[in-house]
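Undergrad: Dropping in my_file-v3.cif, which is mmCIF, C-alpha atoms:
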data_work
#
loop_
_atom_site.label_atom_id
_atom_site.label_comp_id
_atom_site.auth_asym_id
_atom_site.auth_seq_id
_atom_site.Cartn_x
_atom_site.Cartn_y
_atom_site.Cartn_z
CA MET A 179 106.59 106.01 98.91
CA PRO A 180 105.37 102.73 97.33
CA LEU A 181 105.12 102.40 93.58
CA TYR A 182 102.15 100.59 92.08
CA GLU A 183 102.87 99.03 88.69
CA SER A 184 100.37 96.73 87.08
CA PRO A 185 98.44 95.87 83.94
CA ALA A 186 95.09 97.60 84.36
CA VAL A 187 91.87 98.53 82.66
CA VAL A 188 90.27 101.95 83.01
CA LEU A 189 86.78 101.65 84.47
CA ARG A 190 85.91 105.33 84.62
CA SER A 191 87.33 108.82 84.73
CA MET A 192 86.02 111.82 86.59
CA LYS A 193 86.98 115.48 86.22
CA LEU A 194 88.90 117.02 89.09
CA GLY A 195 89.29 120.78 88.91
CA ASP A 196 90.01 122.36 85.53
CA THR A 197 92.44 119.96 83.89
CA ASP A 198 92.94 116.94 86.17
CA LYS A 199 91.01 113.68 86.28
CA ILE A 200 90.49 110.94 88.85
CA ILE A 201 90.95 107.63 87.06
CA THR A 202 89.48 104.42 88.43
CA PHE A 203 91.66 101.49 87.39
CA PHE A 204 90.94 97.80 87.82
CA THR A 205 94.45 96.41 88.12
CA LEU A 206 95.65 92.85 87.89
CA TYR A 207 97.87 92.95 90.96
CA TYR A 208 96.16 95.43 93.32
CA GLY A 209 92.46 95.24 92.46
CA LYS A 210 90.68 98.58 92.12
CA LEU A 211 92.85 101.69 92.49
CA LYS A 212 92.08 105.38 92.04
CA ALA A 213 94.73 107.80 90.82
CA VAL A 214 94.90 111.46 89.88
CA ALA A 215 96.11 112.10 86.34
CA LYS A 216 97.37 115.68 86.24
CA GLY A 217 96.64 117.93 83.26
CA THR A 218 94.67 115.24 81.42
CA THR A 219 92.20 117.55 79.67
CA LYS A 220 94.94 119.75 78.16
CA PRO A 221 95.38 119.05 74.42
CA LYS A 222 99.07 118.21 74.81
CA SER A 223 98.63 116.01 77.88
CA ARG A 224 100.69 112.81 77.88
CA PHE A 225 97.76 111.01 79.51
CA ALA A 226 94.76 112.25 77.43
CA GLY A 227 93.80 109.19 75.36
CA ARG A 228 95.58 106.76 77.66
CA VAL A 229 93.22 107.14 80.59
CA GLU A 230 89.91 106.96 78.76
CA PRO A 231 87.47 104.26 79.92
CA PHE A 232 87.87 100.81 78.33
CA VAL A 233 91.60 101.16 77.71
CA TYR A 234 93.84 98.22 78.71
CA CYS A 235 97.16 99.63 79.80
CA ASN A 236 100.20 99.25 81.96
CA MET A 237 99.93 101.83 84.72
CA ILE A 238 102.45 103.14 87.22
CA ALA A 239 101.21 105.20 90.15
CA PHE A 240 102.66 106.21 93.48
CA GLY A 241 101.26 107.26 96.83
CA LYS A 242 101.24 106.45 100.51
CA GLU A 243 100.46 102.88 101.53
CA LYS A 244 96.93 103.59 102.74
CA ALA A 245 96.16 106.60 100.51
CA ASP A 246 92.74 106.59 98.86
CA LEU A 247 94.06 108.52 95.90
CA LEU A 248 97.37 107.80 94.19
CA ARG A 249 99.20 109.97 91.69
CA LEU A 250 99.46 108.57 88.17
CA ASN A 251 103.03 108.56 86.88
CA SER A 252 102.69 106.79 83.54
CA CYS A 253 100.21 104.83 81.51
CA ASP A 254 101.10 102.85 78.39
CA ILE A 255 98.35 101.38 76.27
CA ILE A 256 98.37 97.62 75.68
CA GLU A 257 94.98 97.41 73.91
CA PRO A 258 92.97 100.57 73.15
CA PHE A 259 89.64 98.78 72.46
CA GLY A 260 88.91 101.37 69.78
CA LEU A 261 86.23 99.17 68.20
CA VAL A 262 84.28 99.19 71.47
CA ARG A 263 84.46 102.97 71.80
CA GLY A 264 83.54 103.52 68.17
CA ASP A 265 80.23 101.65 68.24
CA PHE A 266 77.26 102.88 70.28
CA GLU A 267 75.82 99.38 70.85
CA LYS A 268 79.14 97.98 72.06
CA LEU A 269 79.79 101.05 74.16
CA LYS A 270 76.51 100.58 76.09
CA HIS A 271 77.46 97.01 76.98
CA ALA A 272 80.99 98.09 77.96
CA PHE A 273 79.56 100.76 80.26
CA VAL A 274 77.34 98.24 82.07
CA SER A 275 80.24 95.80 82.56
CA ALA A 276 82.51 98.59 83.83
CA GLU A 277 79.87 99.87 86.24
CA LEU A 278 79.27 96.40 87.69
CA VAL A 279 82.97 95.93 88.36
CA ASP A 280 83.29 99.45 89.75
CA ILE A 281 80.43 98.84 92.18
CA CYS A 282 81.43 95.34 93.28
CA GLN A 283 85.19 95.55 93.37
CA LYS A 284 86.60 96.73 96.68
CA GLU A 285 89.65 98.98 96.51
CA ARG A 286 92.96 97.11 96.81
CA ASP A 287 91.19 93.76 96.74
CA THR A 288 92.79 91.60 94.05
CA ASN A 289 90.52 89.66 91.73
CA MET A 290 92.66 88.26 88.92
CA GLU A 291 89.88 86.04 87.62
CA GLY A 292 87.51 89.03 87.45
CA PHE A 293 90.17 91.08 85.70
CA GLU A 294 90.73 88.45 83.01
CA LEU A 295 86.98 88.06 82.64
CA LEU A 296 86.46 91.78 82.03
CA LEU A 297 89.25 91.81 79.46
CA ALA A 298 87.76 88.76 77.74
CA MET A 299 84.35 90.47 77.70
CA TRP A 300 85.71 93.62 76.02
CA ARG A 301 87.75 91.55 73.54
CA ARG A 302 84.66 89.55 72.60
CA LEU A 303 82.61 92.74 72.40
CA SER A 304 85.16 94.24 70.00
CA VAL A 305 84.50 91.56 67.42
CA GLU A 306 80.84 90.68 68.07
CA GLY A 307 78.61 92.43 65.56
CA ASP A 308 75.23 90.98 66.57
CA ALA A 309 73.50 93.20 69.17
CA ARG A 310 71.44 90.27 70.53
CA LYS A 311 74.56 88.20 71.02
CA GLN A 312 76.14 91.19 72.82
CA ASP A 313 73.16 91.25 75.20
CA LEU A 314 73.62 87.56 76.01
CA LEU A 315 77.38 87.95 76.47
CA LEU A 316 76.82 90.85 78.86
CA ARG A 317 74.39 88.85 81.04
CA LEU A 318 76.69 85.84 81.11
CA PHE A 319 79.61 88.12 81.95
CA GLU A 320 77.61 89.55 84.88
CA LEU A 321 76.80 86.07 86.11
CA LYS A 322 80.41 84.88 85.87
CA TYR A 323 81.75 88.07 87.43
CA MET A 324 79.37 87.76 90.39
CA SER A 325 80.69 84.24 90.82
CA THR A 326 84.30 85.54 91.03
CA ILE A 327 83.37 87.76 93.97
CA GLY A 328 81.60 84.97 95.83
CA PHE A 329 78.02 85.16 94.57
CA HIS A 330 77.83 81.92 92.63
CA PRO A 331 74.25 81.10 91.62
CA PHE A 332 73.12 77.57 92.49
CA LEU A 333 71.75 76.11 89.28
CA LYS A 334 72.30 72.37 89.53
CA SER A 335 69.36 71.39 91.73
CA CYS A 336 66.49 73.01 93.62
CA VAL A 337 67.62 75.42 96.36
CA ASP A 338 64.53 74.48 98.41
CA CYS A 339 64.34 70.66 98.25
CA GLY A 340 67.55 69.67 96.45
CA GLY A 341 65.50 67.86 93.79
CA ASP A 342 66.30 67.67 90.09
CA ILE A 343 65.26 70.44 87.73
CA ILE A 344 62.91 68.92 85.16
CA GLY A 345 60.02 70.06 83.02
CA PRO A 346 59.79 73.05 80.73
CA LYS A 347 59.34 75.54 83.58
CA ALA A 348 61.17 76.16 86.85
CA GLY A 349 61.73 79.15 89.10
CA PHE A 350 64.60 81.40 90.13
CA ASN A 351 64.87 82.92 93.56
CA ALA A 352 67.40 85.77 93.66
CA ILE A 353 67.30 85.95 97.46
CA LYS A 354 68.13 82.27 97.87
CA GLY A 355 70.54 82.59 94.94
CA GLY A 356 69.39 79.68 92.88
CA VAL A 357 66.91 77.70 90.90
CA VAL A 358 63.63 76.35 92.31
CA CYS A 359 62.10 73.13 90.93
CA HIS A 360 58.58 72.84 89.44
CA LYS A 361 57.27 71.32 92.70
CA CYS A 362 58.61 73.97 95.07
CA ILE A 363 57.80 76.95 92.88
CA THR A 364 54.16 77.02 94.05
CA SER A 365 55.24 77.47 97.66
CA ASP A 366 57.95 80.04 96.84
CA PRO A 367 56.32 83.41 96.01
CA ALA A 368 59.70 85.14 95.63
CA ALA A 369 60.71 82.88 92.74
CA SER A 370 60.11 84.12 89.21
CA ARG A 371 59.02 81.58 86.61
CA VAL A 372 61.65 80.79 83.99
CA PHE A 373 62.36 78.20 81.29
CA VAL A 374 64.55 75.30 82.37
CA GLY A 375 66.51 75.93 79.14
CA SER A 376 67.59 79.34 80.47
CA VAL A 377 68.81 77.80 83.73
CA LYS A 378 70.71 75.10 81.83
CA LEU A 379 72.31 77.67 79.54
CA MET A 380 73.44 79.79 82.50
CA GLY A 381 74.76 76.71 84.29
CA LYS A 382 76.73 75.71 81.21
CA SER A 383 78.16 79.22 80.85
CA LEU A 384 79.51 79.15 84.40
CA GLU A 385 81.56 76.08 83.56
CA MET A 386 82.88 77.35 80.23
CA PRO A 387 85.72 79.82 79.62
CA PHE A 388 84.36 83.21 78.51
CA GLU A 389 86.12 82.99 75.15
CA LYS A 390 83.93 80.02 74.21
CA LEU A 391 80.59 81.51 75.27
CA ASP A 392 79.79 82.67 71.75
CA ARG A 393 78.95 79.01 71.01
CA LEU A 394 75.88 79.34 73.24
CA LYS A 395 72.70 80.47 71.59
CA ALA A 396 69.50 81.76 73.16
CA ASP A 397 66.20 82.39 71.41
CA PRO A 398 64.31 85.59 72.40
CA GLY A 399 62.35 83.68 75.08
CA LEU A 400 65.48 82.39 76.80
CA GLN A 401 67.22 85.75 76.34
CA GLY A 402 64.32 87.50 78.10
CA ASP A 403 64.53 84.97 80.92
CA ILE A 404 68.27 85.37 81.33
CA ASP A 405 67.92 89.18 81.31
CA LYS A 406 65.33 88.95 84.09
CA ILE A 407 67.22 86.37 86.18
CA VAL A 408 70.62 88.06 86.00
CA ALA A 409 69.26 91.58 86.52
CA GLY A 410 67.36 90.40 89.62
CA PHE A 411 70.31 88.42 90.95
CA VAL A 412 72.76 91.32 90.48
CA LYS A 413 70.35 93.90 91.89
CA TYR A 414 69.71 91.82 94.99
CA HIS A 415 73.40 91.42 95.75
CA ILE A 416 74.60 94.94 94.93
CA ARG A 417 71.51 96.41 96.65
CA ARG A 418 70.92 99.10 94.04
CA ASN A 419 69.99 99.74 90.42
CA MET A 420 72.84 100.08 87.99
CA ARG A 421 72.75 103.53 86.40
CA SER A 422 74.01 102.39 83.03
CA GLU A 423 71.38 99.65 82.72
CA ARG A 424 68.74 102.02 81.29
CA PHE A 425 71.10 102.93 78.44
CA LEU A 426 70.76 99.45 76.99
CA ALA A 427 67.30 100.48 75.80
CA LEU A 428 68.55 103.55 73.86
CA MET B 201 87.82 132.57 112.65
CA THR B 202 88.08 135.64 114.87
CA GLY B 203 87.73 139.23 113.58
CA PRO B 204 84.91 141.42 112.28
CA LYS B 205 81.86 139.48 111.18
CA PRO B 206 81.54 141.11 107.70
CA LEU B 207 85.12 140.08 106.94
CA SER B 208 84.59 136.46 107.97
CA ASN B 209 81.31 136.42 106.01
CA LEU B 210 83.16 137.58 102.90
CA MET B 211 85.84 134.92 103.36
CA GLU B 212 83.15 132.32 103.74
CA GLN B 213 81.56 133.42 100.46
CA PHE B 214 84.88 133.36 98.60
CA GLN B 215 85.57 129.88 99.91
CA LYS B 216 82.42 128.66 98.18
CA LEU B 217 84.00 129.43 94.79
CA PRO B 218 85.72 126.57 92.94
CA GLY B 219 89.44 126.23 93.58
CA ILE B 220 89.47 128.70 96.47
CA GLY B 221 90.65 127.48 99.83
CA ARG B 222 90.86 129.19 103.22
CA LYS B 223 94.16 130.97 102.55
CA THR B 224 93.15 132.36 99.15
CA ALA B 225 89.76 133.43 100.51
CA GLU B 226 91.57 135.32 103.26
CA ARG B 227 93.87 137.06 100.75
CA LEU B 228 90.95 138.04 98.49
CA ALA B 229 88.91 139.35 101.40
CA PHE B 230 91.81 141.52 102.59
CA HIS B 231 92.29 142.76 99.03
CA ILE B 232 88.64 143.84 98.92
CA LEU B 233 89.06 145.53 102.27
CA LYS B 234 91.97 147.58 100.99
CA ALA B 235 90.44 148.36 97.57
CA ASP B 236 88.77 151.61 96.57
CA ILE B 237 85.08 151.74 97.48
CA LYS B 238 84.12 152.52 93.84
CA ASP B 239 85.93 149.42 92.58
CA VAL B 240 84.24 147.31 95.21
CA ALA B 241 80.84 148.74 94.22
CA ARG B 242 81.52 147.92 90.56
CA PHE B 243 82.56 144.40 91.55
CA ALA B 244 79.38 143.91 93.57
CA GLU B 245 77.30 145.32 90.72
CA SER B 246 78.92 142.93 88.20
CA LEU B 247 78.12 140.00 90.45
CA ARG B 248 74.47 141.02 90.67
CA ASP B 249 74.26 141.81 86.94
CA VAL B 250 75.61 138.46 85.87
CA LYS B 251 72.85 136.71 87.83
CA GLU B 252 70.07 139.12 86.87
CA LYS B 253 70.84 139.87 83.24
CA VAL B 254 72.46 136.75 81.83
CA SER B 255 70.16 133.91 80.88
CA LEU B 256 70.07 131.04 78.41
CA CYS B 257 69.01 131.60 74.81
CA SER B 258 65.68 129.87 74.21
CA VAL B 259 66.86 128.67 70.78
CA CYS B 260 70.43 127.47 71.23
CA GLY B 261 70.91 127.39 75.00
CA SER B 262 74.01 129.59 75.07
CA LEU B 263 74.49 132.48 77.48
CA THR B 264 72.88 135.75 76.46
CA GLU B 265 71.55 139.07 77.66
CA LEU B 266 68.83 139.21 75.00
CA ASP B 267 66.63 136.32 73.93
CA PRO B 268 67.25 134.99 71.28
CA CYS B 269 71.00 135.51 71.51
CA ALA B 270 73.05 137.67 69.15
CA ILE B 271 74.18 134.62 67.13
CA CYS B 272 70.69 133.17 66.68
CA SER B 273 69.23 136.55 65.66
CA ASP B 274 72.09 137.44 63.30
CA PRO B 275 70.75 137.24 59.68
CA GLU B 276 74.30 136.74 58.41
CA ARG B 277 74.73 133.41 60.24
CA ASN B 278 74.03 130.21 58.34
CA LYS B 279 71.04 128.62 60.11
CA GLY B 280 71.46 125.49 58.02
CA VAL B 281 74.56 124.43 59.97
CA ILE B 282 74.25 123.71 63.69
CA CYS B 283 77.32 123.12 65.84
CA VAL B 284 76.41 121.01 68.86
CA VAL B 285 78.51 121.68 71.96
CA GLU B 286 78.43 120.42 75.55
CA GLU B 287 78.42 123.61 77.61
CA PRO B 288 77.76 127.34 77.01
CA HIS B 289 81.46 128.15 77.41
CA ASP B 290 82.24 125.87 74.45
CA VAL B 291 80.39 128.38 72.24
CA PHE B 292 82.97 131.02 73.23
CA ALA B 293 85.80 128.60 72.38
CA VAL B 294 84.48 127.96 68.86
CA GLU B 295 83.61 131.65 68.34
CA ARG B 296 87.20 132.62 69.24
CA ILE B 297 88.53 130.97 66.06
CA GLY B 298 86.26 133.28 64.02
CA GLU B 299 85.79 130.77 61.21
CA PHE B 300 82.48 129.15 62.01
CA THR B 301 79.54 130.97 60.44
CA GLY B 302 76.71 128.65 61.47
CA VAL B 303 74.67 128.58 64.67
CA TYR B 304 74.98 126.58 67.88
CA HIS B 305 73.10 124.16 70.07
CA VAL B 306 74.20 123.67 73.67
CA LEU B 307 73.38 120.25 75.14
CA MET B 308 74.10 121.22 78.77
CA GLY B 309 76.20 118.14 79.32
CA VAL B 310 76.86 114.77 77.71
CA LEU B 311 75.44 111.28 78.02
CA SER B 312 77.13 109.69 80.99
CA PRO B 313 75.84 106.18 81.73
CA LEU B 314 77.99 105.82 84.85
CA ASP B 315 76.58 109.05 86.32
CA GLY B 316 73.03 108.33 85.20
CA VAL B 317 72.85 111.27 82.75
CA GLY B 318 70.56 110.22 79.90
CA PRO B 319 69.07 111.98 76.86
CA GLU B 320 66.17 113.28 78.99
CA GLU B 321 68.59 115.29 81.12
CA LEU B 322 70.14 116.97 78.06
CA ARG B 323 68.78 119.32 75.39
CA ILE B 324 68.71 116.57 72.76
CA GLY B 325 64.92 116.76 72.32
CA GLU B 326 65.25 120.47 71.47
CA LEU B 327 67.94 119.66 68.88
CA VAL B 328 65.68 117.08 67.23
CA ALA B 329 62.85 119.65 67.20
CA ARG B 330 65.14 122.22 65.51
CA VAL B 331 66.13 119.71 62.86
CA GLU B 332 62.55 118.55 62.34
CA LYS B 333 61.47 122.16 61.78
CA GLY B 334 63.49 121.99 58.58
CA GLY B 335 66.21 123.99 56.89
CA VAL B 336 69.07 122.26 58.70
CA ASP B 337 71.56 120.75 56.27
CA GLU B 338 74.30 119.78 58.68
CA VAL B 339 74.72 119.08 62.38
CA ILE B 340 78.34 119.23 63.54
CA VAL B 341 78.88 117.30 66.77
CA ALA B 342 81.58 119.20 68.68
CA THR B 343 81.42 117.40 72.02
CA ASN B 344 84.69 116.69 73.81
CA PRO B 345 86.75 113.81 72.37
CA ASN B 346 86.28 111.46 75.32
CA VAL B 347 84.11 108.37 75.76
CA GLU B 348 81.06 110.32 76.94
CA GLY B 349 81.44 112.88 74.14
CA GLU B 350 81.76 110.11 71.56
CA ALA B 351 78.74 108.26 72.97
CA THR B 352 76.69 111.47 72.78
CA GLY B 353 77.81 112.05 69.20
CA MET B 354 76.89 108.51 68.19
CA TYR B 355 73.50 108.79 69.87
CA ILE B 356 72.76 112.09 68.07
CA ALA B 357 73.80 110.50 64.75
CA LYS B 358 71.48 107.58 65.52
CA ILE B 359 68.38 109.65 66.30
CA LEU B 360 68.94 112.10 63.45
CA GLY B 361 69.62 109.17 61.11
CA GLY B 362 66.44 109.28 59.06
CA LYS B 363 65.96 113.05 59.01
CA ASN B 364 67.82 113.97 55.82
CA THR B 365 70.41 115.99 57.71
CA LEU B 366 74.14 115.35 57.48
CA VAL B 367 75.61 114.61 60.92
CA THR B 368 79.37 115.22 61.13
CA ARG B 369 81.91 114.99 63.93
CA ILE B 370 84.76 117.46 64.49
CA ALA B 371 88.15 115.98 63.57
CA ARG B 372 90.18 114.38 66.32
CA GLY B 373 93.90 113.86 66.34
CA LEU B 374 97.19 115.52 67.12
CA PRO B 375 97.36 119.03 68.57
CA MET B 376 99.32 121.70 66.65
CA GLY B 377 102.89 121.80 67.90
CA GLY B 378 102.56 118.29 69.32
CA ASP B 379 105.02 115.49 68.68
CA LEU B 380 104.04 112.27 66.90
CA GLU B 381 106.46 110.30 69.05
CA TYR B 382 104.64 111.15 72.25
CA ALA B 383 101.11 110.73 70.95
CA ASP B 384 99.08 107.97 72.55
CA GLU B 385 97.67 105.13 70.47
CA VAL B 386 94.04 106.26 70.78
CA THR B 387 94.77 109.80 69.55
CA LEU B 388 97.11 108.63 66.80
CA SER B 389 94.60 106.11 65.49
CA LYS B 390 91.92 108.84 65.36
CA ALA B 391 94.38 111.08 63.49
CA ILE B 392 95.07 108.36 60.92
CA ILE B 393 91.37 107.54 60.49
CA GLY B 394 90.50 111.25 60.09
CA ARG B 395 93.33 112.05 57.65
CA LEU B 396 92.62 114.52 54.82
CA LYS B 397 93.63 114.62 51.19
CA MET B 398 96.26 117.28 50.49
#
Take the structure in this file and express it as structure tokens.
TA:
Amino acid sequence: MPLYESPAVVLRSMKLGDTDKIITFFTLYYGKLKAVAKGTTKPKSRFAGRVEPFVYCNMIAFGKEKADLLRLNSCDIIEPFGLVRGDFEKLKHAFVSAELVDICQKERDTNMEGFELLLAMWRRLSVEGDARKQDLLLRLFELKYMSTIGFHPFLKSCVDCGGDIIGPKAGFNAIKGGVVCHKCITSDPAASRVFVGSVKLMGKSLEMPFEKLDRLKADPGLQGDIDKIVAGFVKYHIRRNMRSERFLAL
Amino acid sequence: MTGPKPLSNLMEQFQKLPGIGRKTAERLAFHILKADIKDVARFAESLRDVKEKVSLCSVCGSLTELDPCAICSDPERNKGVICVVEEPHDVFAVERIGEFTGVYHVLMGVLSPLDGVGPEELRIGELVARVEKGGVDEVIVATNPNVEGEATGMYIAKILGGKNTLVTRIARGLPMGGDLEYADEVTLSKAIIGRLKM
């Protein structure tokens, strides 16, 4: 029976029967994996705190090659992300990032870049105290993560005519996956009007490593734009509403 | 399955219960078949009674035969301290220790962003109303020590923030009889943070 050993983050856990849990891991080497952790809800369980969402650990599981559900053998914490779990604002952002990865990531489909990105997001979230900055980081994370799975937004020139993006206002068309220039926006009813500054900021973020994104600043106008653009872009590609999204307003 | 219809019907019903598969359902059905008719009648009566007579207390949301429940209507209980729990069976767990003299509030779940369970789906509004009515000095959040339980606790603390009521969280840490060596980092860090003066 194959053994699966990999650094992993816990995306979610779900109760199974009285004391067991199904843990969804996003692993570095195998992509998303699900494993049963036996006896997790018992007070003396060796797994208890180790398989809580937002824990970065080293997991070992076993199971048949094509099994949907593995059996968790051990789980050693590398980073507990206690600061994320201990703050309601941070927790909301962590939930949204975990849900996006859980929805988009296919089981046993490796995405090392996405894995590192999620870790970087939670590390940044641990130390970021400003709620507005957390909002911006989350949206830029979503944008960058979508890019790792093949949905890279086209922000350099107009998706309709290929022309340069100039002027204070432009458009964004989630269906076409990119920015629309001030000339084409009138003939593109699906494009929402946005500031060019928002498009530039998003474009810059896609070229920067996540660790350096805290250098980017967005005023409330740009932040609103980025919220709208990213939410529309993500929703169009995942074809559903994210459940955790409404918690950001709590 | 072949055999008398009443027997297969009974097996089918048993199989609907959690944790009961075909084999266990078969064993239980044969046990009923062999049992004394009076015992079977009592069993059937208990099943009906539990559905007909047990309801939720309109004040705290725990299981009761009378409304309000025995705890809420007990003059000896301290109404100024409310222990907030996830499910009705958690009330039994706290009551078993016999040391808590306050009253309860059952949320009927916890906030679970990934499952789409928000404050509107829980009895959080009722808790706020109880606190706003006055006379509540302390709200003890006794949700399970997992991410959803913590999130619910933090949300309750946030919305009760300006209401002049102390919001506390049950201590989290090592279980009695447990070994420090085998404790995970998350639990151990909670135990250190929640240490008490001796």
Undergrad: When the PyMOL selection byres ((chain B) within 8 of (chain A)) is applied to the structure above, which residues does it catch, written out as JSON, numbers by chain?
TA: {"B": [218, 219, 313, 314, 315, 316, 318, 346, 347, 350, 351, 354, 355, 375, 378, 382, 383, 384, 385, 386, 387]}
Undergrad: Report the residues retrieved by the PyMOL selection byres ((chain A and resi 293-301) around 9) from the displayed file, expressed as a PyMOL selection string.
TA: chain A and resi 186-187+204-206+209+232+234+259+262+268+271-272+275-276+279+288-292+302-306+315-316+319+322-323+387-389
Undergrad: Build an axis-aligned box that encloses every atom of region 274-284 of chain A listed in the file, pad it by 3 Å on each side, and report its centre and edge lengths in Å to one decimal, as AutoDock Vina command-line options.
TA:
--center_x 82.0 --center_y 97.6 --center_z 89.4 --size_x 15.3 --size_y 10.5 --size_z 20.6
Undergrad: Contacts of Ser376 (chain A) at 6 Å or less, counting only C-alpha atoms, minus same-chain residues fewer than 3 places along, as a PDB file with C-alpha atoms, keeping the file's coordinate frame?
TA:
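Output file result.pdb is given in full below:
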ATOM      1  CA  PHE A 373      62.360  78.200  81.290  1.00  0.00           C
ATOM      2  CA  LEU A 379      72.310  77.670  79.540  1.00  0.00           C
ATOM      3  CA  LEU A 400      65.480  82.390  76.800  1.00  0.00           C
TER       4      LEU A 400
END
Undergrad: Can you list, as a short mmCIF file (atom, residue, chain, number, x, y, z; two decimals) with C-alpha atoms, in the frame of the given file, the residues that the PyMOL selection byres ((chain B and resi 367) around 10) selects here?
TA:
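Just written: part-v8.cif:
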data_model
loop_
_atom_site.label_atom_id
_atom_site.label_comp_id
_atom_site.auth_asym_id
_atom_site.auth_seq_id
_atom_site.Cartn_x
_atom_site.Cartn_y
_atom_site.Cartn_z
CA VAL B 281 74.56 124.43 59.97
CA ILE B 282 74.25 123.71 63.69
CA CYS B 283 77.32 123.12 65.84
CA ASP B 337 71.56 120.75 56.27
CA GLU B 338 74.30 119.78 58.68
CA VAL B 339 74.72 119.08 62.38
CA ILE B 340 78.34 119.23 63.54
CA VAL B 341 78.88 117.30 66.77
CA GLY B 353 77.81 112.05 69.20
CA MET B 354 76.89 108.51 68.19
CA ILE B 356 72.76 112.09 68.07
CA ALA B 357 73.80 110.50 64.75
CA LYS B 358 71.48 107.58 65.52
CA LEU B 360 68.94 112.10 63.45
CA GLY B 361 69.62 109.17 61.11
CA LYS B 363 65.96 113.05 59.01
CA ASN B 364 67.82 113.97 55.82
CA THR B 365 70.41 115.99 57.71
CA LEU B 366 74.14 115.35 57.48
CA THR B 368 79.37 115.22 61.13
CA ARG B 369 81.91 114.99 63.93
#
Undergrad: Excluding Ile363 (chain A) and any residue of its chain fewer than 6 positions from it, enumerate the residues within 9 Å of it, using all atoms listed in the file, and give them as a PyMOL selection string.
TA: chain A and resi 348-350+369-371
Undergrad: Would you work out the distance separating CA of Pro398 (chain A) from CA of Arg310 (chain A), expressed in Å to one decimal?
TA: 8.7 Å
Undergrad: What does the distance between CA of Ile353 (chain A) and CA of Ile281 (chain A) come to in Å, to one decimal place?
TA: 19.1 Å
Undergrad: In terms of the shortest atom-to-atom distance over only C-alpha atoms, which of B:Ile392, B:Val284, B:Leu311, B:Ile237 is closest to Val331 (chain B)?
TA: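 Looking only at the distances to Val331 (chain B), the closest residue turns out to be B:Val284.
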Undergrad: Tell me, as a PyMOL selection string, which residues lie within 9 Å of Ile344 (chain A), counting all atoms listed in the file; anything in the same chain fewer than 5 positions away does not count.
TA: chain A and resi 359-360+374
Undergrad: Could you please take those selected residues and save C-alpha atoms as a tab-separated table (two decimals), in the coordinates of the input?
TA:
chain	number	residue	atom	x	y	z
A	359	CYS	CA	62.10	73.13	90.93
A	360	HIS	CA	58.58	72.84	89.44
A	374	VAL	CA	64.55	75.30	82.37
Undergrad: So how many Å separate CA of Met324 (chain A) and CA of Arg418 (chain A), to one decimal?
TA: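 So the two atoms, CA of Met324 (chain A) and CA of Arg418 (chain A), lie 14.6 Å apart.
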Undergrad: May I have the residues within 8 Å of Leu388 (chain B) as a list in words, using only C-alpha atoms and disregarding those fewer than 5 positions away in the same chain?
TA: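 The residues that qualify are Gly373, Leu374, Leu380 and Ala383 of chain B.
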Undergrad: List as a list in words the protein and nucleic acid residues near Met211 (chain B), meaning an atom at most 12 Å away when all atoms listed in the file are counted, but skip any in the same chain fewer than 2 places from it.
TA: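 With the cut-off at 12 Å, the set is Met201, Thr202, Gly203, Pro204, Lys205, Pro206, Leu207, Ser208, Asn209, Gln213, Phe214, Gln215, Lys216, Leu217, Ile220, Gly221, Arg222, Lys223, Thr224, Ala225, Glu226, Arg227, Leu228, Ala229, Phe230, His231, Ile232 and Leu233 of chain B.
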Undergrad: Considering only C-alpha atoms, can you say which of A:Tyr207, A:Val214, A:Val412, A:Lys395 comes closest to Gln312 (chain A)?
TA: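 Ranked by minimum distance to Gln312 (chain A), first place goes to A:Lys395.
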Undergrad: Name the closest residue to Met308 (chain B) among the candidates B:Gly334, B:Pro345, B:Pro288, B:Gly325; distances are taken between atoms, counting all atoms listed in the file.
TA: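 Closest candidate: B:Pro288.
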Undergrad: Check the smallest atom-to-atom distance from each of A:Cys235, A:Leu250, A:Val408, A:Ala245 to Glu320 (chain A) using all atoms listed in the file, then report the winner.
TA: A:Val408
